[in-house]
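Reproduced below: structure31.txt, with compact mmCIF, N, CA and C atoms.
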# COMPACT_ATOMS: atom_id res chain seq x y z
N MET A 1 101.71 124.99 99.97
CA MET A 1 102.12 123.62 100.25
C MET A 1 102.55 123.51 101.70
N THR A 2 102.47 122.29 102.20
CA THR A 2 102.80 122.00 103.59
C THR A 2 104.30 121.82 103.77
N ASP A 3 104.82 122.21 104.94
CA ASP A 3 106.23 121.99 105.26
C ASP A 3 106.44 120.50 105.47
N LEU A 4 107.20 119.86 104.60
CA LEU A 4 107.38 118.40 104.64
C LEU A 4 108.10 117.93 105.89
N LYS A 5 108.93 118.77 106.49
CA LYS A 5 109.66 118.37 107.69
C LYS A 5 108.73 118.15 108.88
N GLU A 6 107.61 118.87 108.91
CA GLU A 6 106.70 118.79 110.04
C GLU A 6 105.54 117.84 109.80
N LEU A 7 105.48 117.21 108.65
CA LEU A 7 104.35 116.36 108.30
C LEU A 7 104.50 114.96 108.86
N TYR A 8 103.43 114.45 109.42
CA TYR A 8 103.37 113.04 109.80
C TYR A 8 102.88 112.27 108.59
N TRP A 9 103.65 111.27 108.18
CA TRP A 9 103.28 110.47 107.02
C TRP A 9 102.55 109.23 107.49
N ASN A 10 101.30 109.07 107.06
CA ASN A 10 100.55 107.87 107.40
C ASN A 10 101.21 106.64 106.79
N ARG A 11 101.07 105.52 107.46
CA ARG A 11 101.68 104.28 106.96
C ARG A 11 100.88 103.65 105.84
N MET A 12 99.62 104.01 105.71
CA MET A 12 98.81 103.54 104.59
C MET A 12 98.08 104.74 104.00
N VAL A 13 98.35 105.01 102.73
CA VAL A 13 97.75 106.15 102.05
C VAL A 13 97.18 105.68 100.72
N PRO A 14 95.86 105.79 100.53
CA PRO A 14 95.28 105.38 99.25
C PRO A 14 95.75 106.29 98.12
N GLU A 15 96.03 105.70 96.98
CA GLU A 15 96.33 106.47 95.78
C GLU A 15 95.20 106.22 94.80
N LEU A 16 94.50 107.28 94.44
CA LEU A 16 93.35 107.17 93.56
C LEU A 16 93.73 107.56 92.15
N THR A 17 93.50 106.66 91.21
CA THR A 17 93.68 106.98 89.80
C THR A 17 92.48 107.79 89.37
N VAL A 18 92.71 108.93 88.75
CA VAL A 18 91.62 109.82 88.35
C VAL A 18 91.65 110.03 86.84
N THR A 19 90.48 110.32 86.28
CA THR A 19 90.39 110.47 84.83
C THR A 19 90.53 111.91 84.36
N ASP A 20 90.30 112.87 85.25
CA ASP A 20 90.48 114.29 84.93
C ASP A 20 91.15 114.93 86.14
N PHE A 21 92.47 114.99 86.10
CA PHE A 21 93.25 115.43 87.25
C PHE A 21 92.85 116.82 87.72
N SER A 22 92.67 117.75 86.80
CA SER A 22 92.31 119.13 87.19
C SER A 22 90.99 119.16 87.94
N ALA A 23 90.00 118.43 87.46
CA ALA A 23 88.69 118.40 88.12
C ALA A 23 88.81 117.76 89.50
N SER A 24 89.60 116.70 89.61
CA SER A 24 89.76 116.03 90.90
C SER A 24 90.51 116.91 91.89
N LEU A 25 91.59 117.54 91.45
CA LEU A 25 92.35 118.41 92.35
C LEU A 25 91.49 119.58 92.82
N HIS A 26 90.71 120.15 91.93
CA HIS A 26 89.79 121.23 92.30
C HIS A 26 88.79 120.73 93.35
N PHE A 27 88.21 119.57 93.14
CA PHE A 27 87.23 119.02 94.07
C PHE A 27 87.83 118.83 95.46
N TYR A 28 89.00 118.21 95.51
CA TYR A 28 89.60 117.93 96.81
C TYR A 28 90.11 119.20 97.51
N THR A 29 90.67 120.13 96.78
CA THR A 29 91.26 121.31 97.43
C THR A 29 90.25 122.45 97.60
N VAL A 30 89.58 122.83 96.54
CA VAL A 30 88.67 123.97 96.60
C VAL A 30 87.34 123.61 97.26
N VAL A 31 86.73 122.51 96.82
CA VAL A 31 85.42 122.13 97.36
C VAL A 31 85.55 121.60 98.78
N LEU A 32 86.43 120.61 98.98
CA LEU A 32 86.51 119.95 100.29
C LEU A 32 87.47 120.61 101.26
N GLY A 33 88.49 121.28 100.77
CA GLY A 33 89.43 121.96 101.65
C GLY A 33 90.69 121.19 101.98
N PHE A 34 91.04 120.20 101.18
CA PHE A 34 92.32 119.50 101.36
C PHE A 34 93.47 120.44 101.04
N SER A 35 94.63 120.19 101.62
CA SER A 35 95.85 120.95 101.33
C SER A 35 96.77 120.10 100.46
N ILE A 36 97.47 120.75 99.55
CA ILE A 36 98.44 120.05 98.70
C ILE A 36 99.76 119.94 99.46
N ILE A 37 100.27 118.73 99.58
CA ILE A 37 101.56 118.49 100.22
C ILE A 37 102.64 118.37 99.15
N ILE A 38 102.36 117.60 98.12
CA ILE A 38 103.30 117.40 97.01
C ILE A 38 102.51 117.51 95.71
N ARG A 39 103.07 118.18 94.73
CA ARG A 39 102.44 118.31 93.41
C ARG A 39 103.51 118.12 92.37
N ARG A 40 103.25 117.24 91.40
CA ARG A 40 104.18 117.06 90.29
C ARG A 40 103.39 116.73 89.03
N SER A 41 104.10 116.73 87.91
CA SER A 41 103.44 116.44 86.63
C SER A 41 104.18 115.34 85.90
N ASP A 42 103.54 114.85 84.86
CA ASP A 42 104.09 113.83 83.95
C ASP A 42 104.33 112.49 84.63
N PRO A 43 103.28 111.83 85.07
CA PRO A 43 101.88 112.22 85.01
C PRO A 43 101.51 113.16 86.16
N ASP A 44 100.38 113.85 86.00
CA ASP A 44 99.90 114.73 87.07
C ASP A 44 99.66 113.91 88.32
N PHE A 45 100.14 114.46 89.45
CA PHE A 45 100.07 113.76 90.74
C PHE A 45 99.99 114.80 91.85
N ALA A 46 99.22 114.48 92.88
CA ALA A 46 99.19 115.32 94.08
C ALA A 46 99.01 114.44 95.30
N TYR A 47 99.75 114.77 96.34
CA TYR A 47 99.60 114.16 97.67
C TYR A 47 98.89 115.23 98.48
N VAL A 48 97.68 114.92 98.97
CA VAL A 48 96.87 115.91 99.65
C VAL A 48 96.50 115.44 101.06
N SER A 49 96.19 116.41 101.92
CA SER A 49 95.81 116.06 103.29
C SER A 49 94.65 116.92 103.76
N PHE A 50 93.91 116.35 104.69
CA PHE A 50 92.81 117.04 105.37
C PHE A 50 92.94 116.65 106.83
N GLY A 51 93.50 117.53 107.64
CA GLY A 51 93.82 117.13 109.01
C GLY A 51 94.86 116.02 108.95
N GLU A 52 94.56 114.89 109.57
CA GLU A 52 95.47 113.75 109.55
C GLU A 52 95.18 112.78 108.41
N ALA A 53 94.12 113.03 107.64
CA ALA A 53 93.78 112.17 106.51
C ALA A 53 94.66 112.54 105.31
N GLN A 54 95.15 111.53 104.62
CA GLN A 54 96.02 111.76 103.47
C GLN A 54 95.57 110.88 102.30
N LEU A 55 95.64 111.45 101.10
CA LEU A 55 95.31 110.75 99.86
C LEU A 55 96.32 111.15 98.79
N MET A 56 96.49 110.29 97.81
CA MET A 56 97.26 110.63 96.62
C MET A 56 96.32 110.56 95.43
N LEU A 57 96.45 111.49 94.52
CA LEU A 57 95.68 111.53 93.28
C LEU A 57 96.65 111.44 92.12
N GLU A 58 96.37 110.57 91.18
CA GLU A 58 97.24 110.47 90.01
C GLU A 58 96.40 110.34 88.76
N GLN A 59 96.75 111.14 87.75
CA GLN A 59 96.08 111.07 86.46
C GLN A 59 96.27 109.69 85.85
N TYR A 60 95.22 109.11 85.32
CA TYR A 60 95.33 107.82 84.63
C TYR A 60 96.37 107.93 83.52
N HIS A 61 97.22 106.92 83.43
CA HIS A 61 98.18 106.82 82.33
C HIS A 61 98.51 105.35 82.12
N GLU A 62 98.99 105.03 80.95
CA GLU A 62 99.22 103.62 80.57
C GLU A 62 100.19 102.88 81.49
N GLU A 63 101.17 103.57 82.06
CA GLU A 63 102.17 102.91 82.91
C GLU A 63 101.76 102.87 84.38
N GLY A 64 100.53 103.30 84.68
CA GLY A 64 100.06 103.35 86.07
C GLY A 64 99.76 101.97 86.63
N TRP A 65 99.26 101.95 87.86
CA TRP A 65 98.92 100.70 88.55
C TRP A 65 97.54 100.22 88.10
N ASN A 66 97.39 99.97 86.83
CA ASN A 66 96.09 99.63 86.25
C ASN A 66 95.96 98.12 86.13
N THR A 67 94.99 97.56 86.84
CA THR A 67 94.78 96.11 86.77
C THR A 67 93.70 95.73 85.78
N VAL A 68 92.73 96.61 85.58
CA VAL A 68 91.66 96.39 84.62
C VAL A 68 91.26 97.74 84.04
N GLU A 69 90.41 97.70 83.02
CA GLU A 69 89.88 98.94 82.46
C GLU A 69 89.07 99.68 83.53
N LEU A 70 89.26 100.99 83.62
CA LEU A 70 88.52 101.78 84.60
C LEU A 70 87.10 102.02 84.10
N VAL A 71 86.13 101.67 84.92
CA VAL A 71 84.72 101.86 84.61
C VAL A 71 84.08 102.63 85.76
N ARG A 72 83.36 103.68 85.45
CA ARG A 72 82.71 104.50 86.48
C ARG A 72 81.53 103.76 87.09
N PRO A 73 81.26 104.00 88.37
CA PRO A 73 82.05 104.79 89.31
C PRO A 73 83.29 104.03 89.73
N LEU A 74 84.39 104.77 89.87
CA LEU A 74 85.64 104.14 90.29
C LEU A 74 85.58 103.85 91.78
N GLY A 75 86.35 102.88 92.22
CA GLY A 75 86.43 102.56 93.64
C GLY A 75 85.23 101.79 94.16
N ARG A 76 84.55 101.07 93.30
CA ARG A 76 83.38 100.32 93.75
C ARG A 76 83.76 99.34 94.86
N GLY A 77 82.95 99.31 95.89
CA GLY A 77 83.19 98.38 96.99
C GLY A 77 84.01 98.96 98.12
N VAL A 78 84.42 100.22 98.01
CA VAL A 78 85.21 100.84 99.08
C VAL A 78 84.68 102.25 99.33
N ASN A 79 84.73 102.66 100.59
CA ASN A 79 84.51 104.07 100.90
C ASN A 79 85.64 104.51 101.81
N PHE A 80 86.00 105.76 101.71
CA PHE A 80 87.11 106.30 102.49
C PHE A 80 86.54 107.17 103.60
N GLN A 81 86.68 106.71 104.84
CA GLN A 81 86.21 107.49 105.97
C GLN A 81 87.25 108.54 106.33
N ILE A 82 86.81 109.77 106.42
CA ILE A 82 87.68 110.89 106.76
C ILE A 82 87.11 111.52 108.02
N GLU A 83 87.82 111.34 109.12
CA GLU A 83 87.35 111.88 110.40
C GLU A 83 87.68 113.36 110.47
N VAL A 84 86.67 114.15 110.85
CA VAL A 84 86.83 115.59 110.94
C VAL A 84 86.39 116.08 112.32
N ASP A 85 86.86 117.28 112.67
CA ASP A 85 86.47 117.88 113.95
C ASP A 85 85.16 118.64 113.85
N ASP A 86 84.84 119.16 112.66
CA ASP A 86 83.63 119.97 112.47
C ASP A 86 82.97 119.59 111.16
N ILE A 87 82.07 118.62 111.22
CA ILE A 87 81.44 118.11 109.99
C ILE A 87 80.56 119.15 109.33
N GLU A 88 79.96 120.05 110.13
CA GLU A 88 79.09 121.08 109.57
C GLU A 88 79.88 122.02 108.65
N GLN A 89 81.14 122.28 108.99
CA GLN A 89 81.98 123.14 108.17
C GLN A 89 82.25 122.49 106.81
N VAL A 90 82.54 121.21 106.80
CA VAL A 90 82.79 120.50 105.55
C VAL A 90 81.51 120.44 104.72
N LEU A 91 80.41 120.13 105.38
CA LEU A 91 79.12 120.04 104.69
C LEU A 91 78.75 121.38 104.06
N ALA A 92 79.02 122.47 104.74
CA ALA A 92 78.74 123.80 104.19
C ALA A 92 79.55 124.06 102.92
N ARG A 93 80.80 123.62 102.90
CA ARG A 93 81.64 123.78 101.70
C ARG A 93 81.04 123.00 100.54
N VAL A 94 80.63 121.77 100.82
CA VAL A 94 80.04 120.91 99.77
C VAL A 94 78.77 121.56 99.22
N TYR A 95 77.89 122.00 100.10
CA TYR A 95 76.65 122.66 99.66
C TYR A 95 76.94 123.95 98.89
N ALA A 96 77.93 124.72 99.34
CA ALA A 96 78.26 125.99 98.69
C ALA A 96 78.69 125.79 97.24
N HIS A 97 79.20 124.60 96.93
CA HIS A 97 79.63 124.31 95.56
C HIS A 97 78.58 123.50 94.78
N GLY A 98 77.40 123.35 95.35
CA GLY A 98 76.31 122.68 94.63
C GLY A 98 76.51 121.20 94.43
N ILE A 99 77.28 120.57 95.27
CA ILE A 99 77.56 119.14 95.14
C ILE A 99 76.41 118.34 95.76
N THR A 100 75.93 117.35 95.06
CA THR A 100 74.87 116.47 95.56
C THR A 100 75.48 115.39 96.45
N LEU A 101 74.89 115.19 97.61
CA LEU A 101 75.39 114.16 98.52
C LEU A 101 74.95 112.78 98.05
N TYR A 102 75.79 111.80 98.32
CA TYR A 102 75.43 110.40 98.07
C TYR A 102 74.51 109.92 99.20
N ARG A 103 74.82 110.33 100.43
CA ARG A 103 73.97 110.05 101.59
C ARG A 103 73.97 111.28 102.48
N ASP A 104 72.77 111.72 102.85
CA ASP A 104 72.62 112.92 103.68
C ASP A 104 73.23 112.74 105.06
N LEU A 105 73.48 113.87 105.71
CA LEU A 105 74.01 113.89 107.07
C LEU A 105 73.05 113.16 108.01
N ARG A 106 73.62 112.28 108.81
CA ARG A 106 72.83 111.58 109.82
C ARG A 106 73.74 111.01 110.88
N ASP A 107 73.15 110.68 112.00
CA ASP A 107 73.89 110.06 113.10
C ASP A 107 73.76 108.55 112.99
N ASN A 108 74.88 107.87 113.04
CA ASN A 108 74.90 106.41 113.00
C ASN A 108 75.53 105.89 114.28
N HIS A 109 74.96 104.84 114.81
CA HIS A 109 75.45 104.22 116.04
C HIS A 109 76.09 102.88 115.68
N TYR A 110 77.32 102.69 116.15
CA TYR A 110 78.08 101.48 115.85
C TYR A 110 78.50 100.81 117.15
N SER A 111 78.34 99.51 117.19
CA SER A 111 78.78 98.75 118.37
C SER A 111 80.30 98.65 118.35
N THR A 112 80.91 98.90 119.50
CA THR A 112 82.36 98.76 119.64
C THR A 112 82.70 97.51 120.44
N GLY A 113 81.71 96.69 120.71
CA GLY A 113 81.88 95.48 121.53
C GLY A 113 81.18 95.64 122.85
N GLU A 114 81.72 96.49 123.71
CA GLU A 114 81.13 96.70 125.02
C GLU A 114 80.26 97.94 125.09
N THR A 115 80.48 98.88 124.19
CA THR A 115 79.71 100.13 124.19
C THR A 115 79.24 100.43 122.77
N THR A 116 78.65 101.61 122.61
CA THR A 116 78.21 102.06 121.30
C THR A 116 78.83 103.42 121.03
N ALA A 117 79.34 103.60 119.82
CA ALA A 117 79.89 104.89 119.40
C ALA A 117 78.91 105.52 118.43
N CYS A 118 78.84 106.84 118.47
CA CYS A 118 77.96 107.56 117.55
C CYS A 118 78.81 108.47 116.67
N GLN A 119 78.56 108.37 115.37
CA GLN A 119 79.24 109.22 114.41
C GLN A 119 78.20 109.98 113.61
N ARG A 120 78.41 111.27 113.45
CA ARG A 120 77.59 112.09 112.54
C ARG A 120 78.35 112.07 111.23
N GLU A 121 77.68 111.67 110.14
CA GLU A 121 78.40 111.48 108.89
C GLU A 121 77.53 111.73 107.67
N PHE A 122 78.21 112.04 106.57
CA PHE A 122 77.56 112.12 105.26
C PHE A 122 78.53 111.53 104.25
N LEU A 123 77.99 111.14 103.09
CA LEU A 123 78.81 110.57 102.03
C LEU A 123 78.65 111.39 100.76
N VAL A 124 79.76 111.55 100.06
CA VAL A 124 79.78 112.28 98.80
C VAL A 124 80.72 111.55 97.85
N GLN A 125 80.43 111.63 96.55
CA GLN A 125 81.31 111.03 95.56
C GLN A 125 82.17 112.11 94.92
N ASP A 126 83.43 111.75 94.65
CA ASP A 126 84.31 112.68 93.95
C ASP A 126 83.98 112.62 92.46
N PRO A 127 84.65 113.41 91.61
CA PRO A 127 84.31 113.43 90.18
C PRO A 127 84.38 112.07 89.47
N ASP A 128 85.17 111.13 89.99
CA ASP A 128 85.26 109.81 89.37
C ASP A 128 84.35 108.78 90.04
N GLY A 129 83.67 109.18 91.10
CA GLY A 129 82.76 108.27 91.78
C GLY A 129 83.32 107.63 93.04
N TYR A 130 84.56 107.94 93.41
CA TYR A 130 85.09 107.43 94.67
C TYR A 130 84.22 107.95 95.80
N LEU A 131 83.88 107.08 96.73
CA LEU A 131 82.95 107.41 97.80
C LEU A 131 83.72 107.87 99.05
N LEU A 132 83.43 109.09 99.50
CA LEU A 132 84.08 109.68 100.66
C LEU A 132 83.05 109.81 101.78
N ARG A 133 83.39 109.28 102.96
CA ARG A 133 82.49 109.36 104.12
C ARG A 133 83.12 110.26 105.16
N PHE A 134 82.60 111.48 105.27
CA PHE A 134 83.09 112.40 106.28
C PHE A 134 82.35 112.09 107.58
N SER A 135 83.12 112.01 108.67
CA SER A 135 82.59 111.52 109.93
C SER A 135 83.14 112.32 111.10
N GLN A 136 82.24 112.60 112.05
CA GLN A 136 82.63 113.28 113.29
C GLN A 136 82.05 112.47 114.45
N TYR A 137 82.92 112.09 115.39
CA TYR A 137 82.45 111.38 116.58
C TYR A 137 81.71 112.38 117.46
N ILE A 138 80.54 111.94 117.95
CA ILE A 138 79.77 112.80 118.85
C ILE A 138 79.41 112.05 120.12

Rewrite the coordinates I just gave you, this time as structure tokens.
Amino acid sequence: MTDLKELYWNRMVPELTVTDFSASLHFYTVVLGFSIIIRRSDPDFAYVSFGEAQLMLEQYHEEGWNTVELVRPLGRGVNFQIEVDDIEQVLARVYAHGITLYRDLRDNHYSTGETTACQREFLVQDPDGYLLRFSQYI
């Protein structure tokens, strides 16, 4: 676990309701390489980080922040961009675990107004279908 005294807490951190906490925690920590900052149970919960990116995972339960019935894929209409320093390293981890990509690695050019930025990125879905976009500025 991370030393909480030295951690920078983001002002906005998505909390993802998950249907199989063990599978989700394994995916984020073992497959992707996130670190556990906080872990508790009843309900199962983890606050995880990857560099400066932070997420919370919570097992679905009746008293949770549930607005409607959860239907897969979860998180429809949103993707979470996670900026990394070495996208090839993350991609190698994903491939090593036999995970199928939602969108293959490619370079995308985005207008910033006066210039153009280029990001090398790929997209992958977590066990519940949440869409993660790993991105490296090049």

If we count all atoms listed in the file, what is near stretch 81-90 of chain A at a cut-off of 6 Å, once residues fewer than 3 positions away on the same chain are taken out, given as a list in words?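 Contacts, with the query itself left out: Arg93, Val94, Leu132, Arg133, Phe134, Ser135 and Gln136 of chain A.
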
Picked from chain A by DSSP as strand (DSSP E), as a PyMOL selection string: chain A and resi 15-18+35-40+45-50+53-59+79-83+103-111+116-125+131-137

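Considering only C-alpha atoms, the residue among A:Leu32, A:Leu101, A:Ala92, A:Leu16 positioned nearest to A:Phe50 is A:Leu32.
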
DSSP on the backbone, alpha helix (DSSP H) only: what residues of chain A does that give? Format it as a VMD selection string. chain A and resid 21 to 26 87 to 96

Go through A:Tyr28, A:Tyr60, A:Tyr102, A:Tyr137 and flag the residue nearest A:Val124, using all atoms listed in the file for the distances.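 For A:Val124, the nearest of the candidates is A:Tyr102.
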
A:Gly129 environment, 6 Å, only N, CA and C atoms, sequence neighbours closer than 3 positions dropped, as a list in words: Pro73, Leu74, Gly75, Gln125 and Asp126 of chain A

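Rounded to one decimal, atom CA of A:Asp44 and atom CA of A:Glu58 lie 5.8 Å from each other.
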
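Note that the spacing between atom N of A:Glu62 and atom N of A:Arg40 amounts to 16.6 Å.
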
How many Å lie between atom C of A:Ser22 and atom C of A:Leu70, rounded to one decimal?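 Between these atoms lies a distance of 18.0 Å.
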
From the list A:Glu69, A:Asp107, A:Asp42, A:Asp20, which residue is nearest A:Gln119 when using all atoms listed in the file? A:Asp107

Quick one: of A:Leu91, A:Ile138, A:Leu105, A:Gly64, who's nearest to A:Phe122, counting all atoms listed in the file?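 Between A:Leu91, A:Ile138, A:Leu105, A:Gly64, the residue approaching A:Phe122 most closely is A:Leu105.
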
Go through A:Asp128, A:Glu52, A:Asp104, A:Glu121 one by one, measure the shortest atom-to-atom distance of each to A:Val18 using only C-alpha atoms, and give the residue with the smallest value.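 Going through A:Asp128, A:Glu52, A:Asp104, A:Glu121 one by one, the smallest distance to A:Val18 is for A:Asp128.
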